[in-house]
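One structure is given below, encoded as structure tokens.
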Amino acid sequence: MALLEKGSKKLLNAWAFYDWANSVYSLVITSAVFPIFYGALFRKAGIEKILIFGGEIERAPLISYTTSLAFVFIALVTPLISGVADYIGNKKVFMKFFCYLGGLSCIGLYWFALDNIYFGLTCYFFGLVGFWVSFAINNSYLPDVAFEHQQDKISAKGFSLGYAGSVLLLLVNLAMVMFPQFFGFDMSIPEAITQTGNETLINQAIDKAKGEASIEAMKVSFMTVGIWWMLFSQYTFFHLPKGNKKESSDKKNIIFNGFKELKLVWNQLLDQPKLKRYLVAFFVYSMAVQTVMLIATYFGEEEINWGTDDERTMGLIISILLIQVIAIAGALITARASKVYGNIKTLIVINILWVCICVYAYFLITPMDFYIAAGFVGIVMGGIQALSRSTYSKFLPETKDTTSFFSFYDVAEKVGIVIGTFLYGFIAQVTGSMRNAILFLIVFFLSGVFLLLRVRKTEKKA
């Protein structure tokens, strides 16, 4: 097969289409169905704490600490992959491996249960690893497939495709969860109960059967995510090039060359003050953005007064859908705003909006409060991700070593997530409320504004 030329429409679309393939994980597993399923397991068992590794821990800190541990692993493995990929000239093979690791882990979540907690958390752990490492490799392709003037637009298109695809699958999963009887899930009740003629007892049995069928539907939805992800990624894999091969005189230490490359990137940053200042700013505000994305549904599930379990499930999924639909427009609006006002100025405004959202989120009580917050999150969420990625790509010096530079970018992001999710879980555990943990996010967004202003000063001097 002939390689597609850089900047060609087909190559750009193939690169962007990976967002369509893998974003179902981000929505269904990270944001929507899995957090609801996770909370439902604890409520069904009538417990808030679980014994694990010899100690008791509440459900919210447990998932937060597991997430932090996963990102520690991701931050360590990404440079290793980067080093090997650079020297064999085939980063696509690693992208495939982690895509399949993530997809199979999603399928494994079908067997997630409190009495099988170690296996379940392992699947959750490697689902995160597969998603983020393959996503990092895909990010590193951006300057390889797109010219600088194309990068903002195609980056936004990728996120928009991701939101559209993930919403499509989530709608199917939502129908499965809310109307399990139409999808063949068992909702039968014991004949002995129906024979009693006791209407109250029968209604309770029906509610219980529907609850169990809905949980089964959630488990099946995890399998649909893994299949969707692996299936649709094939279009991207078919068209993407293998990568750029880099000659090395130190072939004995290829595995650790990724860390050496990170050091070389850091040394190059000393001569790139604008890029260095931008990375520091990105590290700080991304810490808060990713933490919000990872814990938002857990927060809504635990802190908002939803009423019944059905109302909670419906309300949370509607909120996530609202975020995704608005985020499609948000990513495109942000790309246009950056074209008119510049990337850094647009990012400053978005960070200020995040501060306002966090202040409002601290006082959320009712479902309507949560819906309003979800709408505003949608406006800024897709925009800040897409623009951050393309801004970094545009600030890079002329180089073919894009994998190492994006490895540095992704390691910075993942270290930030480790700090953010750990602090969030720690504050929630110590204070007994996830609400209090929101306050530290405000500090990070304000710091992001200040640091981005320093980037603007560097641009003006240049």
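Residues in the structure tokens are numbered from 1 in each chain, the chains being A, B, ... in the order shown, and ligands are numbered from 1 in the order shown.
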Identify, with DSSP run on backbone atoms, the residues in stretch 160-338 of chain A assigned to helix (DSSP H, G or I), and express the list as JSON, numbers by chain. {"A": [160, 161, 162, 163, 164, 165, 166, 167, 168, 169, 170, 171, 172, 173, 174, 175, 176, 177, 178, 180, 181, 182, 183, 191, 192, 193, 194, 195, 196, 199, 200, 201, 202, 203, 204, 205, 206, 207, 208, 209, 210, 211, 212, 213, 214, 215, 216, 217, 218, 219, 220, 221, 222, 223, 224, 225, 226, 227, 228, 229, 230, 231, 232, 233, 234, 235, 236, 237, 238, 239, 251, 252, 253, 254, 255, 256, 257, 258, 259, 260, 261, 262, 263, 264, 265, 266, 267, 268, 269, 273, 274, 275, 276, 277, 278, 279, 280, 281, 282, 283, 284, 285, 286, 287, 288, 289, 290, 291, 292, 293, 294, 295, 296, 297, 298, 299, 300, 301, 302, 303, 309, 310, 311, 312, 313, 314, 315, 316, 317, 318, 319, 320, 321, 322, 323, 324, 325, 326, 327, 328, 329, 330, 331, 332, 333, 334, 335, 336, 337, 338]}
Each residue of stretch 6-84 of chain A lying at most 12 Å from stretch 115-121 of chain A should get a row with its shortest atom-to-atom pair and the distance in Å to one decimal, counting only C-alpha atoms; could you produce that, ordered by chain and increasing number, as a tab-separated table?
```
residue	atom	partner	partner_atom	distance
A:Phe34	CA	A:Gly120	CA	11.5
A:Tyr38	CA	A:Gly120	CA	10.4
A:Leu41	CA	A:Asp115	CA	10.4
A:Phe42	CA	A:Asp115	CA	11.2
A:Ala45	CA	A:Asp115	CA	10.5
A:Ile50	CA	A:Ile117	CA	9.3
A:Leu51	CA	A:Ile117	CA	9.7
A:Ile52	CA	A:Ile117	CA	8.3
A:Phe53	CA	A:Tyr118	CA	9.5
A:Arg59	CA	A:Ile117	CA	11.5
A:Leu62	CA	A:Leu121	CA	9.6
A:Ile63	CA	A:Leu121	CA	8.3
A:Ser64	CA	A:Leu121	CA	11.3
A:Tyr65	CA	A:Leu121	CA	10.8
A:Thr66	CA	A:Leu121	CA	7.4
A:Thr67	CA	A:Leu121	CA	9.5
A:Leu69	CA	A:Leu121	CA	11.0
A:Ala70	CA	A:Leu121	CA	10.2
```
Tell me which protein, DNA and RNA residues are within 8 Å of stretch 274-280 of chain A, counting only C-alpha atoms, leaving out same-chain ones fewer than 4 positions away, and put them as a PDB file with N, CA and C atoms, in the first residue's frame.
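Contents of the output file result-v4.pdb:
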```pdb
ATOM      1  N   LEU A 269      14.343  22.320  25.735  1.00  0.00           N
ATOM      2  CA  LEU A 269      13.378  23.304  26.231  1.00  0.00           C
ATOM      3  C   LEU A 269      14.073  24.543  26.796  1.00  0.00           C
ATOM      4  N   LEU A 270      15.302  24.356  27.266  1.00  0.00           N
ATOM      5  CA  LEU A 270      16.047  25.498  27.803  1.00  0.00           C
ATOM      6  C   LEU A 270      16.257  26.569  26.738  1.00  0.00           C
ATOM      7  N   VAL A 284      -0.084  22.415  34.944  1.00  0.00           N
ATOM      8  CA  VAL A 284      -0.884  22.859  36.090  1.00  0.00           C
ATOM      9  C   VAL A 284      -2.380  22.820  35.788  1.00  0.00           C
ATOM     10  N   TYR A 392       0.599  22.921  21.614  1.00  0.00           N
ATOM     11  CA  TYR A 392       1.886  22.287  21.864  1.00  0.00           C
ATOM     12  C   TYR A 392       2.555  21.895  20.551  1.00  0.00           C
ATOM     13  N   PHE A 395       4.084  24.858  18.804  1.00  0.00           N
ATOM     14  CA  PHE A 395       5.237  25.438  19.494  1.00  0.00           C
ATOM     15  C   PHE A 395       6.502  24.594  19.352  1.00  0.00           C
ATOM     16  N   LEU A 396       6.361  23.356  18.824  1.00  0.00           N
ATOM     17  CA  LEU A 396       7.529  22.484  18.720  1.00  0.00           C
ATOM     18  C   LEU A 396       8.554  23.045  17.741  1.00  0.00           C
ATOM     19  N   TYR A 409       5.198  15.592  26.622  1.00  0.00           N
ATOM     20  CA  TYR A 409       3.890  16.239  26.817  1.00  0.00           C
ATOM     21  C   TYR A 409       2.950  15.330  27.600  1.00  0.00           C
ATOM     22  N   ALA A 412       4.061  14.714  31.245  1.00  0.00           N
ATOM     23  CA  ALA A 412       3.689  15.879  32.058  1.00  0.00           C
ATOM     24  C   ALA A 412       2.207  15.831  32.421  1.00  0.00           C
ATOM     25  N   LEU A 451       0.192  31.456  34.644  1.00  0.00           N
ATOM     26  CA  LEU A 451       1.297  30.897  33.869  1.00  0.00           C
ATOM     27  C   LEU A 451       1.110  31.116  32.364  1.00  0.00           C
ATOM     28  N   LEU A 452      -0.119  31.091  31.897  1.00  0.00           N
ATOM     29  CA  LEU A 452      -0.384  31.366  30.481  1.00  0.00           C
ATOM     30  C   LEU A 452      -0.119  32.825  30.145  1.00  0.00           C
ATOM     31  N   ARG A 454       2.293  34.463  31.373  1.00  0.00           N
ATOM     32  CA  ARG A 454       3.748  34.499  31.199  1.00  0.00           C
ATOM     33  C   ARG A 454       4.129  34.030  29.791  1.00  0.00           C
ATOM     34  N   VAL A 455       3.372  33.068  29.247  1.00  0.00           N
ATOM     35  CA  VAL A 455       3.626  32.613  27.884  1.00  0.00           C
ATOM     36  C   VAL A 455       3.361  33.755  26.904  1.00  0.00           C
ATOM     37  N   THR A 458       6.196  36.092  26.785  1.00  0.00           N
ATOM     38  CA  THR A 458       7.297  35.530  25.998  1.00  0.00           C
ATOM     39  C   THR A 458       7.040  35.729  24.503  1.00  0.00           C
ATOM     40  N   GLU A 459       5.777  35.524  24.077  1.00  0.00           N
ATOM     41  CA  GLU A 459       5.415  35.712  22.670  1.00  0.00           C
ATOM     42  C   GLU A 459       5.630  37.152  22.228  1.00  0.00           C
TER      43      GLU A 459
END
```
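Among the candidates A:Val359, A:Leu3, A:Leu321, A:Ile333, the residue lying nearest to A:Ile438 is A:Val359 (atoms considered: only C-alpha atoms).
Minimum distance to A:Phe406 across A:Asp207, A:Met368, A:Val380, A:Pro143 (counting only C-alpha atoms) occurs at A:Pro143.
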Could you build a table of the residues in stretch 30-134 of chain A lying no more than 9 Å from stretch 209-218 of chain A, giving for each the nearest pair of atoms and their separation in Å rounded to one decimal place, using only C-alpha atoms, ordered by chain and ascending residue number, as JSON lines?
```
{"residue": "A:Val33", "atom": "CA", "partner": "A:Met218", "partner_atom": "CA", "distance": 6.5}
{"residue": "A:Phe34", "atom": "CA", "partner": "A:Met218", "partner_atom": "CA", "distance": 7.5}
{"residue": "A:Ile36", "atom": "CA", "partner": "A:Met218", "partner_atom": "CA", "distance": 8.8}
{"residue": "A:Phe37", "atom": "CA", "partner": "A:Ile215", "partner_atom": "CA", "distance": 6.6}
{"residue": "A:Ala40", "atom": "CA", "partner": "A:Ile215", "partner_atom": "CA", "distance": 7.9}
{"residue": "A:Leu41", "atom": "CA", "partner": "A:Ile215", "partner_atom": "CA", "distance": 8.5}
{"residue": "A:Tyr110", "atom": "CA", "partner": "A:Met218", "partner_atom": "CA", "distance": 8.3}
```
Point out the residue among A:Gly162, A:Pro61, A:Gly330, A:Gly307 with the least atom-to-atom distance to A:Phe232, counting only C-alpha atoms. A:Gly162
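Each of A:Leu128, A:Ile427, A:Ala16, A:Cys106 was compared to A:Val220 using only C-alpha atoms, and A:Cys106 turns out to be the nearest.
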Point-to-point distance in Å for atom CA of A:Ser155 and atom CA of A:Ile318: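 Between atom CA of A:Ile318 and atom CA of A:Ser155 the gap works out to 26.1 Å.
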Kindly give the distance, in Å, that separates atom CA of A:Val225 and atom CA of A:Thr30, rounded to a single decimal.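 Atom CA of A:Thr30 lies 11.3 Å from atom CA of A:Val225.
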Excluding A:Pro190 and any residue of its chain fewer than 4 positions from it, enumerate the residues within 10 Å of it, using only C-alpha atoms, and give them as a list in words.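 The residues that qualify are Thr194, Gln195, Ile202, Ala205, Ile206 and Ala209 of chain A.
Every protein, DNA or RNA residue with an atom at most 10 Å from A:Leu439, where only C-alpha atoms count and chain neighbours fewer than 3 positions away do not, is listed here: Val355, Cys358, Val359, Ala361, Tyr362, Tyr424, Ile427, Met434, Arg435, Asn436, Ile442, Val443 and Phe444 of chain A.
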Deliver the residues from the most recent selection as a file, using N, CA and C atoms, as a PDB file, in the first residue's frame.
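Okay, part_18.pdb is ready:
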```
ATOM      1  N   VAL A 355     -12.613  28.206  36.391  1.00  0.00           N
ATOM      2  CA  VAL A 355     -12.653  28.695  37.777  1.00  0.00           C
ATOM      3  C   VAL A 355     -14.099  28.953  38.194  1.00  0.00           C
ATOM      4  N   CYS A 358     -15.993  25.694  38.788  1.00  0.00           N
ATOM      5  CA  CYS A 358     -15.627  25.023  40.039  1.00  0.00           C
ATOM      6  C   CYS A 358     -16.278  25.700  41.247  1.00  0.00           C
ATOM      7  N   VAL A 359     -16.312  27.023  41.234  1.00  0.00           N
ATOM      8  CA  VAL A 359     -16.976  27.754  42.331  1.00  0.00           C
ATOM      9  C   VAL A 359     -18.456  27.371  42.383  1.00  0.00           C
ATOM     10  N   ALA A 361     -19.794  24.615  41.193  1.00  0.00           N
ATOM     11  CA  ALA A 361     -19.931  23.193  41.501  1.00  0.00           C
ATOM     12  C   ALA A 361     -19.896  22.920  42.995  1.00  0.00           C
ATOM     13  N   TYR A 362     -19.171  23.738  43.744  1.00  0.00           N
ATOM     14  CA  TYR A 362     -19.072  23.530  45.194  1.00  0.00           C
ATOM     15  C   TYR A 362     -20.445  23.605  45.864  1.00  0.00           C
ATOM     16  N   TYR A 424      -7.350  14.690  45.239  1.00  0.00           N
ATOM     17  CA  TYR A 424      -8.812  14.671  45.307  1.00  0.00           C
ATOM     18  C   TYR A 424      -9.291  13.538  46.220  1.00  0.00           C
ATOM     19  N   ILE A 427      -8.244  14.309  49.976  1.00  0.00           N
ATOM     20  CA  ILE A 427      -9.087  15.330  50.609  1.00  0.00           C
ATOM     21  C   ILE A 427     -10.485  14.778  50.877  1.00  0.00           C
ATOM     22  N   MET A 434     -16.580  14.668  48.952  1.00  0.00           N
ATOM     23  CA  MET A 434     -15.935  14.969  47.677  1.00  0.00           C
ATOM     24  C   MET A 434     -16.082  16.455  47.339  1.00  0.00           C
ATOM     25  N   ARG A 435     -17.082  17.090  47.939  1.00  0.00           N
ATOM     26  CA  ARG A 435     -17.346  18.507  47.665  1.00  0.00           C
ATOM     27  C   ARG A 435     -16.160  19.381  48.071  1.00  0.00           C
ATOM     28  N   ASN A 436     -15.557  19.073  49.207  1.00  0.00           N
ATOM     29  CA  ASN A 436     -14.426  19.872  49.688  1.00  0.00           C
ATOM     30  C   ASN A 436     -13.215  19.767  48.765  1.00  0.00           C
ATOM     31  N   ILE A 442      -9.730  24.904  42.002  1.00  0.00           N
ATOM     32  CA  ILE A 442      -9.789  26.337  41.699  1.00  0.00           C
ATOM     33  C   ILE A 442      -8.382  26.937  41.710  1.00  0.00           C
ATOM     34  N   VAL A 443      -7.571  26.503  42.659  1.00  0.00           N
ATOM     35  CA  VAL A 443      -6.197  27.010  42.780  1.00  0.00           C
ATOM     36  C   VAL A 443      -5.393  26.683  41.523  1.00  0.00           C
ATOM     37  N   PHE A 444      -5.571  25.463  40.994  1.00  0.00           N
ATOM     38  CA  PHE A 444      -4.816  25.048  39.811  1.00  0.00           C
ATOM     39  C   PHE A 444      -5.238  25.830  38.572  1.00  0.00           C
TER      40      PHE A 444
END
```
Using only C-alpha atoms, which residues sit within 10 Å of stretch 163-180 of chain A once same-chain residues fewer than 6 positions away are excluded, as a count of residues only? 49
Closest atom pairs, residues of stretch 69-168 of chain A within 10 Å of stretch 235-240 of chain A, only C-alpha atoms, as CSV:
```
residue,atom,partner,partner_atom,distance
A:Lys92,CA,A:Phe237,CA,7.2
A:Val93,CA,A:Phe237,CA,9.0
A:Met95,CA,A:Phe237,CA,8.6
A:Lys96,CA,A:Phe237,CA,7.5
A:Asn138,CA,A:Leu240,CA,9.4
A:Tyr141,CA,A:Leu240,CA,8.4
A:Asp144,CA,A:Leu240,CA,9.7
A:Val145,CA,A:Leu240,CA,8.3
```
Please compute the atom CA of A:Ser105-atom CA of A:Gly226 distance, one decimal, in Å. 7.4 Å
Excluding same-chain residues fewer than 3 positions from A:Asn343, what lies within 9 Å of it counting only C-alpha atoms, as number ranges by chain? A: 334-335, 337-340, 346-348, 387-388, 390-391
Would you mind exporting the chosen residues as a JSON list (two decimals), in the first residue's frame, restricted to C-alpha atoms?
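Just written: result18.json:
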```json
[["chain", "number", "residue", "atom", "x", "y", "z"],
["A", 334, "THR", "CA", -12.64, 27.21, 20.44],
["A", 335, "ALA", "CA", -10.77, 26.42, 17.21],
["A", 337, "ALA", "CA", -11.70, 31.67, 18.57],
["A", 338, "SER", "CA", -8.03, 30.67, 18.54],
["A", 339, "LYS", "CA", -7.83, 31.66, 14.89],
["A", 340, "VAL", "CA", -9.17, 35.14, 15.67],
["A", 346, "THR", "CA", -8.23, 31.70, 24.18],
["A", 347, "LEU", "CA", -6.75, 29.25, 26.69],
["A", 348, "ILE", "CA", -6.61, 32.00, 29.33],
["A", 387, "LEU", "CA", -6.48, 23.54, 21.72],
["A", 388, "SER", "CA", -3.88, 22.36, 24.25],
["A", 390, "SER", "CA", -2.55, 21.69, 18.81],
["A", 391, "THR", "CA", -0.86, 24.60, 20.67]]
```
